[in-house]
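Peer 1: You'll find input32.tsv just under this line, and it carries TSV, C-alpha atoms.
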chain	number	residue	atom	x	y	z
A	1	MET	CA	72.79	131.47	128.69
A	2	GLN	CA	73.98	128.10	129.90
A	3	VAL	CA	71.93	125.00	129.19
A	4	ASP	CA	70.47	123.42	132.31
A	5	LYS	CA	72.85	120.60	133.34
A	6	ASP	CA	69.89	118.37	134.17
A	7	LYS	CA	68.67	118.70	130.59
A	8	VAL	CA	72.08	117.71	129.27
A	9	GLN	CA	72.46	114.64	131.46
A	10	ASN	CA	68.93	113.51	130.64
A	11	LEU	CA	69.44	113.59	126.87
A	12	ARG	CA	69.10	110.00	125.69
A	13	GLU	CA	67.56	107.80	123.03
A	14	ASP	CA	66.74	104.12	123.20
A	15	TYR	CA	68.17	102.47	120.10
A	16	ARG	CA	65.95	99.80	118.59
A	17	ALA	CA	66.51	99.92	114.81
A	18	LYS	CA	68.59	96.78	114.22
A	19	SER	CA	70.88	94.15	115.73
A	20	LEU	CA	74.29	92.74	114.80
A	21	SER	CA	75.77	89.27	115.33
A	22	ILE	CA	79.03	87.54	114.44
A	23	GLU	CA	77.08	85.03	112.35
A	24	GLU	CA	75.77	87.69	109.97
A	25	VAL	CA	78.86	89.86	109.39
A	26	ALA	CA	81.30	89.43	106.49
A	27	ALA	CA	84.58	87.56	106.97
A	28	HIS	CA	86.67	90.64	106.06
A	29	PRO	CA	86.08	94.05	107.67
A	30	ALA	CA	86.38	95.85	104.32
A	31	GLN	CA	83.46	93.80	103.01
A	32	GLN	CA	81.40	94.56	106.12
A	33	PHE	CA	82.30	98.26	105.84
A	34	ASP	CA	81.20	98.21	102.21
A	35	GLN	CA	77.80	96.75	103.18
A	36	TRP	CA	77.22	99.36	105.87
A	37	PHE	CA	78.52	102.23	103.73
A	38	LEU	CA	76.14	101.29	100.92
A	39	GLU	CA	73.26	101.20	103.41
A	40	ALA	CA	74.26	104.65	104.68
A	41	MET	CA	74.23	106.01	101.13
A	42	LYS	CA	70.87	104.40	100.33
A	43	SER	CA	69.47	105.82	103.56
A	44	GLU	CA	70.71	109.27	102.44
A	45	VAL	CA	72.82	109.81	105.54
A	46	ARG	CA	74.32	113.26	105.11
A	47	GLU	CA	77.98	112.96	104.06
A	48	PRO	CA	78.40	109.32	105.07
A	49	ASN	CA	82.11	109.61	104.28
A	50	ALA	CA	82.65	112.17	107.06
A	51	MET	CA	84.81	110.63	109.77
A	52	THR	CA	86.76	111.64	112.84
A	53	VAL	CA	90.49	111.09	112.38
A	54	ALA	CA	92.53	111.00	115.59
A	55	THR	CA	96.31	111.39	115.62
A	56	SER	CA	98.80	112.03	118.39
A	57	THR	CA	102.17	113.59	119.03
A	58	LYS	CA	105.30	111.56	119.66
A	59	GLU	CA	104.57	112.04	123.37
A	60	GLY	CA	101.05	110.65	122.99
A	61	ARG	CA	99.02	113.87	123.19
A	62	PRO	CA	95.96	113.22	120.98
A	63	SER	CA	94.01	115.49	118.65
A	64	ALA	CA	91.03	114.79	116.42
A	65	ARG	CA	89.11	116.40	113.56
A	66	ILE	CA	86.53	115.58	110.89
A	67	VAL	CA	87.97	114.48	107.53
A	68	LEU	CA	86.31	113.04	104.42
A	69	LEU	CA	87.01	109.46	103.35
A	70	LYS	CA	87.93	109.41	99.67
A	71	ALA	CA	88.54	105.72	98.95
A	72	TYR	CA	88.56	102.35	100.64
A	73	ASP	CA	89.30	98.72	99.81
A	74	GLU	CA	90.89	95.71	101.48
A	75	LYS	CA	94.20	97.61	101.69
A	76	GLY	CA	92.78	100.42	103.82
A	77	PHE	CA	91.00	103.77	104.10
A	78	VAL	CA	92.20	106.85	102.22
A	79	PHE	CA	92.02	110.58	102.97
A	80	TYR	CA	93.89	113.65	101.72
A	81	THR	CA	95.34	116.64	103.52
A	82	ASN	CA	98.15	119.17	103.80
A	83	TYR	CA	101.29	117.36	104.97
A	84	ASN	CA	102.25	120.49	106.95
A	85	SER	CA	98.98	120.54	108.89
A	86	LYS	CA	98.80	119.53	112.55
A	87	LYS	CA	97.69	116.01	111.65
A	88	GLY	CA	100.33	115.77	108.94
A	89	LYS	CA	103.11	116.72	111.35
A	90	GLU	CA	101.80	114.30	113.97
A	91	LEU	CA	101.61	111.46	111.46
A	92	GLU	CA	105.20	112.17	110.46
A	93	VAL	CA	106.46	111.39	113.98
A	94	ASN	CA	103.78	108.89	115.03
A	95	PRO	CA	102.37	107.05	111.98
A	96	PHE	CA	99.36	105.52	113.70
A	97	ALA	CA	95.80	106.82	113.69
A	98	ALA	CA	92.19	106.00	114.49
A	99	MET	CA	89.01	106.73	112.53
A	100	VAL	CA	85.40	106.88	113.67
A	101	PHE	CA	82.28	106.96	111.50
A	102	CYS	CA	79.05	107.87	113.29
A	103	TRP	CA	75.73	107.41	111.47
A	104	LEU	CA	73.10	108.26	114.09
A	105	ASP	CA	70.26	107.90	111.58
A	106	LEU	CA	71.15	104.21	111.43
A	107	GLU	CA	72.22	103.99	115.10
A	108	ARG	CA	75.66	102.83	113.95
A	109	GLN	CA	79.30	103.55	114.58
A	110	ILE	CA	82.50	102.15	113.06
A	111	ARG	CA	85.90	102.40	114.74
A	112	ILE	CA	89.12	101.74	112.80
A	113	GLU	CA	92.69	101.67	114.11
A	114	GLY	CA	95.95	101.05	112.32
A	115	LYS	CA	99.16	102.27	110.76
A	116	ILE	CA	99.35	105.19	108.35
A	117	GLU	CA	101.20	105.18	105.05
A	118	LYS	CA	101.54	107.93	102.45
A	119	LEU	CA	100.06	107.36	99.04
A	120	SER	CA	102.38	107.49	96.05
A	121	GLN	CA	102.86	110.81	94.27
A	122	GLU	CA	101.05	109.33	91.26
A	123	GLU	CA	97.97	108.45	93.36
A	124	SER	CA	97.91	111.89	94.97
A	125	ASP	CA	98.36	113.59	91.57
A	126	GLN	CA	95.49	111.61	90.10
A	127	TYR	CA	93.09	112.52	92.90
A	128	PHE	CA	94.17	116.17	92.99
A	129	GLN	CA	93.43	116.54	89.29
A	130	SER	CA	89.93	115.12	89.85
A	131	ARG	CA	89.06	117.91	92.32
A	132	PRO	CA	87.16	121.07	91.30
A	133	LYS	CA	89.48	123.93	90.39
A	134	GLY	CA	88.26	125.92	93.40
A	135	SER	CA	89.34	123.12	95.74
A	136	GLN	CA	92.72	122.94	94.01
A	137	ILE	CA	93.16	126.66	94.59
A	138	GLY	CA	92.15	126.21	98.23
A	139	ALA	CA	94.88	123.61	98.75
A	140	TRP	CA	97.47	126.12	97.56
A	141	ALA	CA	95.96	129.17	99.28
A	142	SER	CA	95.71	127.88	102.85
A	143	PRO	CA	98.78	127.37	105.09
A	144	GLN	CA	96.73	124.81	107.02
A	145	SER	CA	96.96	124.88	110.83
A	146	GLU	CA	99.26	127.94	110.83
A	147	VAL	CA	98.29	131.13	112.69
A	148	ILE	CA	97.10	133.84	110.27
A	149	SER	CA	96.33	137.51	110.92
A	150	ASP	CA	92.84	137.41	109.40
A	151	ARG	CA	90.77	135.89	106.60
A	152	ASN	CA	91.97	138.57	104.16
A	153	LEU	CA	95.22	136.65	103.78
A	154	LEU	CA	93.35	133.62	102.43
A	155	GLU	CA	91.21	135.71	100.11
A	156	LYS	CA	94.30	137.53	98.81
A	157	ASN	CA	96.03	134.22	98.12
A	158	VAL	CA	92.95	132.92	96.31
A	159	GLU	CA	92.72	135.98	94.07
A	160	GLU	CA	96.40	135.76	93.18
A	161	LEU	CA	96.06	132.09	92.30
A	162	LYS	CA	92.93	132.71	90.24
A	163	SER	CA	94.81	135.32	88.26
A	164	LYS	CA	97.91	133.16	87.82
A	165	TYR	CA	95.96	130.12	86.63
A	166	GLN	CA	93.03	131.86	84.93
A	167	ASP	CA	93.77	130.19	81.59
A	168	ALA	CA	94.53	126.76	83.05
A	169	GLU	CA	91.93	124.05	83.46
A	170	ALA	CA	93.70	122.70	86.54
A	171	LEU	CA	96.53	123.49	88.93
A	172	PRO	CA	99.53	121.26	89.65
A	173	ARG	CA	99.39	119.43	92.97
A	174	PRO	CA	101.32	121.19	95.76
A	175	SER	CA	104.23	119.08	97.01
A	176	HIS	CA	102.97	119.61	100.56
A	177	TRP	CA	99.54	118.10	99.82
A	178	GLY	CA	98.57	114.48	99.26
A	179	GLY	CA	97.00	111.28	100.49
A	180	TYR	CA	97.31	108.90	103.40
A	181	ARG	CA	96.05	105.37	103.78
A	182	LEU	CA	95.16	103.92	107.16
A	183	VAL	CA	96.03	100.21	107.03
A	184	PRO	CA	93.76	98.70	109.71
A	185	ASP	CA	94.58	96.08	112.28
A	186	VAL	CA	91.44	96.69	114.37
A	187	VAL	CA	87.93	97.43	113.05
A	188	GLU	CA	84.83	97.53	115.25
A	189	PHE	CA	81.21	97.69	114.11
A	190	TRP	CA	78.77	99.09	116.68
A	191	GLN	CA	75.01	98.77	116.40
A	192	GLY	CA	72.88	100.61	118.94
A	193	ARG	CA	70.53	98.45	121.01
A	194	SER	CA	67.91	99.05	123.66
A	195	SER	CA	68.92	99.92	127.25
A	196	ARG	CA	72.50	100.64	126.15
A	197	LEU	CA	73.16	96.92	125.60
A	198	HIS	CA	74.70	97.66	122.23
A	199	ASP	CA	76.09	95.09	119.78
A	200	ARG	CA	79.84	95.41	119.24
A	201	ILE	CA	81.62	93.12	116.76
A	202	SER	CA	85.39	93.56	116.58
A	203	TYR	CA	87.82	92.39	113.91
A	204	HIS	CA	91.52	92.23	114.75
A	205	LEU	CA	94.50	90.98	112.77
A	206	ASP	CA	96.15	87.91	114.25
A	207	GLY	CA	98.96	86.34	112.26
A	208	GLY	CA	97.67	87.88	109.04
A	209	GLU	CA	94.15	86.56	109.59
A	210	TRP	CA	91.10	88.52	110.71
A	211	LYS	CA	89.62	87.24	113.97
A	212	LEU	CA	86.13	88.19	115.12
A	213	GLU	CA	85.02	88.81	118.70
A	214	ARG	CA	81.92	90.17	120.42
A	215	LEU	CA	82.71	92.96	122.89
A	216	ALA	CA	80.63	93.97	125.89
A	217	PRO	CA	78.95	97.36	125.42
So, in terms of structure tokens, how does the structure I just supplied come out?
Peer 2:
Amino acid sequence: MQVDKDKVQNLREDYRAKSLSIEEVAAHPAQQFDQWFLEAMKSEVREPNAMTVATSTKEGRPSARIVLLKAYDEKGFVFYTNYNSKKGKELEVNPFAAMVFCWLDLERQIRIEGKIEKLSQEESDQYFQSRPKGSQIGAWASPQSEVISDRNLLEKNVEELKSKYQDAEALPRPSHWGGYRLVPDVVEFWQGRSSRLHDRISYHLDGGEWKLERLAP
């Protein structure tokens, strides 16, 4: 049964929770992100580190998916994945990406754009060893983004890995798995406002300095 198109087009909320001005935001986007991220955690937003990561092919065909943020600081925003996945292959030929955080409970959105760099092997090793053993097995078991005949292949791989490493506390990191850091040059903080007149404060790098601008909604 198809949803009535009138019901879809009439879905709307009037955002009134908070406001955002240039005068109140931090001078560096990482500091402002930290403030908002802490508020999201205190507000018990479900998985506040879930973000959309958009990549594109060399020809500019985009794709996007949800990924979990695993670290951030003034250098950038870190996530981990299979280098042979669709996003990994796209980042290999076009090392630029965009991220979006959407926290509807707080009527907020954060957009981040920039260049992608691989983390060092040591950084990826350190994070991989911090993961639960089941997640380590999953990284080995799944040929991410490849076509598979059915789920039995994954379950078979998992059982073989469990048997092989049954006496080990942890697995070694696969060479095809590791971290990326998005080094931002544009960061936008969006606060929902009434009548769709939202507040948008944008940071962009200009000569190594962060410049702030208000954007029209």
Peer 1: Report as a ChimeraX atom specification all protein, DNA and RNA residues lying within 8 Å of range 149-158 of chain A, evaluated on all atoms listed in the file, omitting residues in the same chain fewer than 6 positions from it.
Peer 2: /A:137-138,141-142
Peer 1: Could you list as a list in words every residue that has an atom within 6 Å of (102.0, 102.6, 112.9), using the file's coordinates and counting only C-alpha atoms?
Peer 2: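 The distance filter leaves exactly Pro95, Phe96, Lys115 and Ile116 of chain A.
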Peer 1: Near His204 in chain A, within 7 Å and counting only C-alpha atoms, which residues show up once chain neighbours fewer than 3 positions away are dropped, as a list in words?
Peer 2: Asp185, Val186, Val187, Trp210, Lys211 and Leu212 of chain A
Peer 1: Of the residues A:Arg46, A:Lys18, A:Arg173, A:Lys133, which is the one nearest to Trp103 in chain A, using only C-alpha atoms?
Peer 2: A:Arg46
Peer 1: Between A:Met99, A:Met41, A:Val25, A:Ala30, single out the one closest to Val67 in chain A, counting only C-alpha atoms.
Peer 2: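 Under the stated criterion, the closest residue is A:Met99.
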Peer 1: Nearest residue to Asp125 in chain A out of A:Ile148, A:Leu215, A:Leu171, A:Leu106, using all atoms listed in the file?
Peer 2: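 That would be A:Leu171, the residue with the smallest distance to Asp125 in chain A.
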Peer 1: Tell me, as a list in words, which residues lie within 10 Å of Glu90 in chain A, counting all atoms listed in the file; anything in the same chain fewer than 6 positions away does not count.
Peer 2: Ala54, Thr55, Ser56, Thr57, Lys58, Gly60, Arg61, Pro62, Ser63, Tyr83, Asn84, Phe96 and Ala97 of chain A
Peer 1: Please indicate the distance in Å from CA of Met51 in chain A to CA of Lys86 in chain A, rounded to one decimal place.
Peer 2: 16.8 Å
Peer 1: Quick one: of A:Arg16, A:Arg131, A:His198, A:Arg111, who's nearest to Phe33 in chain A, counting all atoms listed in the file?
Peer 2: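 Closest candidate: A:Arg111.
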Peer 1: For each of A:Arg12, A:Lys87, A:Arg65, A:Arg108, take the minimum atom-to-atom distance to Ala40 in chain A, counting all atoms listed in the file, then give the residue where this is smallest.
Peer 2: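 Counting all atoms listed in the file, the residue closest to Ala40 in chain A is A:Arg108.
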Peer 1: Taking into account all atoms listed in the file, which residue in the set A:Ser21, A:Gln2, A:Ser175, A:Asn10 is nearest to Ser120 in chain A?
Peer 2: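 Of A:Ser21, A:Gln2, A:Ser175, A:Asn10, the one nearest Ser120 in chain A, counting all atoms listed in the file, is A:Ser175.
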Peer 1: Any idea what the distance is between CA of Glu44 in chain A and CA of Asp105 in chain A?
Peer 2: 9.3 Å
Peer 1: Please report the interatomic distance between CA of Glu113 in chain A and CA of Pro184 in chain A in Å with one decimal.
Peer 2: 5.4 Å
Peer 1: Near Phe79 in chain A, counting all atoms listed in the file, which residues have an atom at most 10 Å away, once you skip same-chain residues fewer than 5 positions from it, shown as an NGL selection string?
Peer 2: :A and (51 or 53 or 67-72 or 118-119 or 178-182)
